[in-house]
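A short write-up of the structure that comes next.
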2 protein chains.
Amino acid sequence: MVAPALLGIVLAGGSGNRFWPLSRRDRPKQLLPFAGGASLLRRTVDRLEPLVPKETLFVSTTLELRDAIARELPELPRERILAEPEGRNTGPAIAWALARLPPELSSQPVAILPADHWVDDAAAFRAALASAAATAAQRRVVVTLGVPPARAETGFGYLEVDTLPETPVAVPVRRFYEKPDEETAHRFWSGGRHLWNSGVFVFLPEVFWSQLERHQPAIARMASALRGGIGEEAAAELYAELTSVSIDQGVMERLGFGEVWTVPLRCGWSDLGSWEALATVLAPDRAGNRSRGDVVAVDSEDNLLFADAGTVAVLGIRGLAVVRSGDSVLVLPLERSQEVRRIVAELGRAGRRDLL
Amino acid sequence: MVAPALLGIVLAGGSGNRFWPLSRRDRPKQLLPFAGGASLLRRTVDRLEPLVPKETLFVSTTLELRDAIARELPELPRERILAEPEGRNTGPAIAWALARLPPELSSQPVAILPADHWVDDAAAFRAALASAAATAAQRRVVVTLGVPPARAETGFGYLEVDTLPETPVAVPVRRFYEKPDEETAHRFWSGGRHLWNSGVFVFLPEVFWSQLERHQPAIARMASALRGGIGEEAAAELYAELTSVSIDQGVMERLGFGEVWTVPLRCGWSDLGSWEALATVLAPDRAGNRSRGDVVAVDSEDNLLFADAGTVAVLGIRGLAVVRSGDSVLVLPLERSQEVRRIVAELGRAGRRDLL
């Protein structure tokens, strides 16, 4: 099975405050370098080559981030950075981007790719994506990449399959599961028949349009009008009236058995959804501390210690994230990393836009 | 009993790394403002007036700190800032300073005063000091100020008395105790017959010289030579040969019953010996957090949160010191504040003089 030519739409519109104080309004997660070097967006784009050549790569983002994205990807022609008129979650955003692709490319499969995930093994990632693209074209189905769970995670959606292949070949998805409770997550983890929904998926445009029409007719109408040539301004008015909905909840989870397939993705994947998730992709020292920057740790274990400016010194602490970024310092238990949003909300209420 | 004219020698030679990263080599504890406003040294000097007028006030310090002290106390003539030739702890330092006082002042009692302590009620402090000075002159004894214990502290030396007066009147000290274990500290705290040794004491110079000769003859010889006019350079050579010893261990604890008296000091005193001690003099908010600077605390209790630059944000932590000072961040449990020295030592070993 030879993979057909593949288009890529990289989703880079997230505002991401889960990495505050490292992430800010004008520096969302996808533009941050983690674990050194290039930004997540740059890594996402580079890891696709040669499977998705730069010539068939598009980036979906917001008006606010368009310039920053263009600076980060100077090789990408401006017309391939597609800014959604306003934020309506991934359902409308993907439809908007897809509708603006050049018509001559509409017969090729398209990969939808979050810009802010972590991948250790780029070759393994491309192998899974190529397999997904082949299945998407041949069977005319939506194909997601599914990650064999590394732990009993309650923060992800899951895909159920009948059997989990050892190699990156597609199998049909039996069911979608929303974020499970701890007991269920443990069952999924140990059972070997569930996969994390990575958020990467591939389809032929015509397949997507027909599913969208079935499950999200309002979004489909907006996209159809845009493809029909009503112009961006008129389309933006339709867009503004859409309800925010994710592609998962709005379309994927509504598809029947046989309409969605998945390819197991074994590549050291992380969604880097929090400081805790970041810790899992950094190598620990002998005390279990994961450090970046100028850090001194005495008698401390299992912490994430991060300094992009100045020096962080700790003594006698365990299981904390201590983050110095720019002019701000964050300290919280790693297991409560998700709650950094509460600090961001607090700063918002206090009118501290200087810190956001 | 009218207090006689009183000289003051403020001990401001400490290098103090217990408040790292706030304290640094060139900015020791006594030069830091705590709880806002003036430095501890400035507060120490100001609180003595009018009991010890500026005209009879001397400051003992090191060569390294002499200029910084002069900047902090511009009203003080340079010749009253007495720099010990090198560090030999408080025993030699006090003898050196005392030997350099003008001979015409030698019949007046002298108060020795640490520059880096905290006092809430300056009037109560002066009342106790005046009482101590009167007793020192009249009975020709050494008189310390003793603090009724606020907790079962194991980090201080204690004075035992037969009865503890309710007012600032002097009583003889029965015994000195070195830092006690927890059980003993608890007994001292609940028994009502022990006082913390505050480090403030008063004596007539001739009384001090005769005790020094008895208990520290080498120091006494150095001081005698200096008073006899051998010149500072020659005296400095003698000084260099002295053993480091504190005035408490070298003299005070060796005095017999009746030779040392104490006046109870009830003035909201703290030695500010650590971040934990600092926390006790700052007012807590409803969650028990004590904060200085730009601080955001969510779901956090009983922390010391300190930022002299930038912003400190915390969530879900308890009982920690989180300190941002200059370019450095420190995080440790408040109850382990004393161990900040281990971080300073670690930085020293790593050659990080830029941070010390």
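Ligands are numbered from 1 in the order shown, residues from 1 within each chain, and chains are lettered A, B, ... in the order they appear in the structure tokens.
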
Residues of chain A within 9 Å of chain B: nearest atom pair and distance (Å, one decimal) for each, counting only C-alpha atoms, sorted by chain and number, as a Markdown table?
```
| residue | atom | partner | partner_atom | distance |
| --- | --- | --- | --- | --- |
| A:Val296 | CA | B:Ile343 | CA | 7.5 |
| A:Ala297 | CA | B:Ile343 | CA | 8.0 |
| A:Val298 | CA | B:Ile343 | CA | 6.8 |
| A:Ala309 | CA | B:Asp327 | CA | 7.5 |
| A:Gly310 | CA | B:Asp327 | CA | 4.7 |
| A:Thr311 | CA | B:Ser328 | CA | 4.7 |
| A:Val312 | CA | B:Val329 | CA | 4.7 |
| A:Ala313 | CA | B:Leu330 | CA | 4.9 |
| A:Val314 | CA | B:Val331 | CA | 4.8 |
| A:Leu315 | CA | B:Leu332 | CA | 5.0 |
| A:Gly316 | CA | B:Leu332 | CA | 5.9 |
| A:Ile317 | CA | B:Leu332 | CA | 6.2 |
| A:Leu320 | CA | B:Ile317 | CA | 8.9 |
| A:Val322 | CA | B:Val331 | CA | 8.0 |
| A:Arg324 | CA | B:Val329 | CA | 7.7 |
| A:Gly326 | CA | B:Gly310 | CA | 8.4 |
| A:Asp327 | CA | B:Gly310 | CA | 4.7 |
| A:Ser328 | CA | B:Thr311 | CA | 4.7 |
| A:Val329 | CA | B:Val312 | CA | 4.7 |
| A:Leu330 | CA | B:Ala313 | CA | 4.9 |
| A:Val331 | CA | B:Val314 | CA | 4.8 |
| A:Leu332 | CA | B:Leu315 | CA | 5.0 |
| A:Pro333 | CA | B:Gly316 | CA | 6.6 |
| A:Arg336 | CA | B:Gly316 | CA | 7.6 |
| A:Glu339 | CA | B:Leu315 | CA | 7.8 |
| A:Val340 | CA | B:Leu315 | CA | 7.5 |
| A:Arg342 | CA | B:Val298 | CA | 7.5 |
| A:Ile343 | CA | B:Val298 | CA | 6.8 |
| A:Glu346 | CA | B:Val296 | CA | 8.0 |
| A:Leu347 | CA | B:Val296 | CA | 8.0 |
| A:Leu355 | CA | B:Thr311 | CA | 8.5 |
```

Near-range 84-100 of chain A list (7 Å; only C-alpha atoms; drop same-chain fewer than 5 positions) as a list in words: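 The neighbour list is Ser60, Thr61, Thr62, Leu63, Ile219, Ala223, Leu226, Arg227, Ala236, Thr243, Ser244, Val245, Ser246, Ile247 and Gly250 of chain A.
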
Would you please extract all strand (DSSP E or B) residues from range 101-239 of chain A, as assigned by DSSP on the backbone, and give them as a count of residues only? 31

In Å, rounded to a single decimal, give me how far CA of Ala122 in chain A is from CA of Glu49 in chain A.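 These two atoms are separated by 9.5 Å.
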
If we count only C-alpha atoms and set the cut-off at 9 Å, which residues sit around range 181-198 of chain A, ignoring sequence neighbours fewer than 5 positions away in its own chain? Please answer as a ChimeraX atom specification. /A:114,117,144-154,156-164,176,262,264-265,269-271

Quick one: pick out all alpha helix (DSSP H) residues within range 77-206 of chain B from a backbone DSSP run and write them as JSON, numbers by chain. {"B": [90, 91, 92, 93, 94, 95, 96, 97, 98, 99, 122, 123, 124, 125, 126, 127, 128, 129, 130, 131, 132, 133, 134, 135, 136, 137, 138, 139, 182, 183, 184, 185, 186, 187, 188, 189, 190, 191, 205, 206]}

So that I can see what lies close to Gln338 in chain B, please list as a PyMOL selection string the residues with an atom at most 7 Å from it, counting only C-alpha atoms and leaving out residues fewer than 3 positions away in the same chain. chain B and resi 18+274+341

I need the residue nearest Val251 in chain B from this list: B:Val143, B:Leu57, B:Leu212, B:Ala170. Use only C-alpha atoms for the distance. B:Leu212

One-decimal distance in Å that lies between CA of Ala218 in chain B and CA of Leu242 in chain B: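 If I compute the distance from CA of Leu242 in chain B to CA of Ala218 in chain B, I get 6.9 Å.
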
Which of these, A:Val119, A:Ala68, A:Ala83, A:Leu255, has the shortest distance to Val173 in chain A once you count only C-alpha atoms?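 Comparing A:Val119, A:Ala68, A:Ala83, A:Leu255 against Val173 in chain A, the winner is A:Leu255.
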
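When only C-alpha atoms are used to compute distances to Pro168 in chain A, the closest of the residues A:Ala133, A:Ile69, A:Val263, A:Ala111 turns out to be A:Val263.
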
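Every protein, DNA or RNA residue with an atom at most 7 Å from range 29-37 of chain B, where only C-alpha atoms count and chain neighbours fewer than 4 positions away do not, is listed here: Ala12, Gly16, Phe19, Ser23, Leu41, Ala115, Asp116 and Leu282 of chain B.
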
Output N, CA and C atoms of each residue in that selection to a file, as a compact mmCIF listing (two decimals), in the first residue's frame.
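The resulting out_7.txt:
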```
# COMPACT_ATOMS: atom_id res chain seq x y z
N ALA B 12 27.52 45.32 63.76
CA ALA B 12 26.99 45.26 62.40
C ALA B 12 28.00 44.61 61.46
N GLY B 16 25.73 37.13 57.36
CA GLY B 16 24.33 36.71 57.24
C GLY B 16 23.91 36.12 55.92
N PHE B 19 19.35 34.70 54.96
CA PHE B 19 18.27 35.27 54.16
C PHE B 19 18.58 35.29 52.67
N SER B 23 19.59 38.34 51.22
CA SER B 23 20.90 38.80 51.70
C SER B 23 21.99 38.27 50.77
N LEU B 41 19.54 47.93 60.50
CA LEU B 41 20.58 48.76 61.14
C LEU B 41 20.03 50.16 61.44
N ALA B 115 22.81 44.52 65.37
CA ALA B 115 22.21 45.45 64.40
C ALA B 115 21.08 44.83 63.62
N ASP B 116 20.83 43.54 63.83
CA ASP B 116 19.93 42.86 62.90
C ASP B 116 18.76 42.17 63.59
N LEU B 282 5.49 39.26 60.40
CA LEU B 282 4.61 39.81 59.37
C LEU B 282 3.17 39.40 59.67
```

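Across the model, the gap from CA of Gly14 in chain B to CA of Arg27 in chain B is 10.2 Å.
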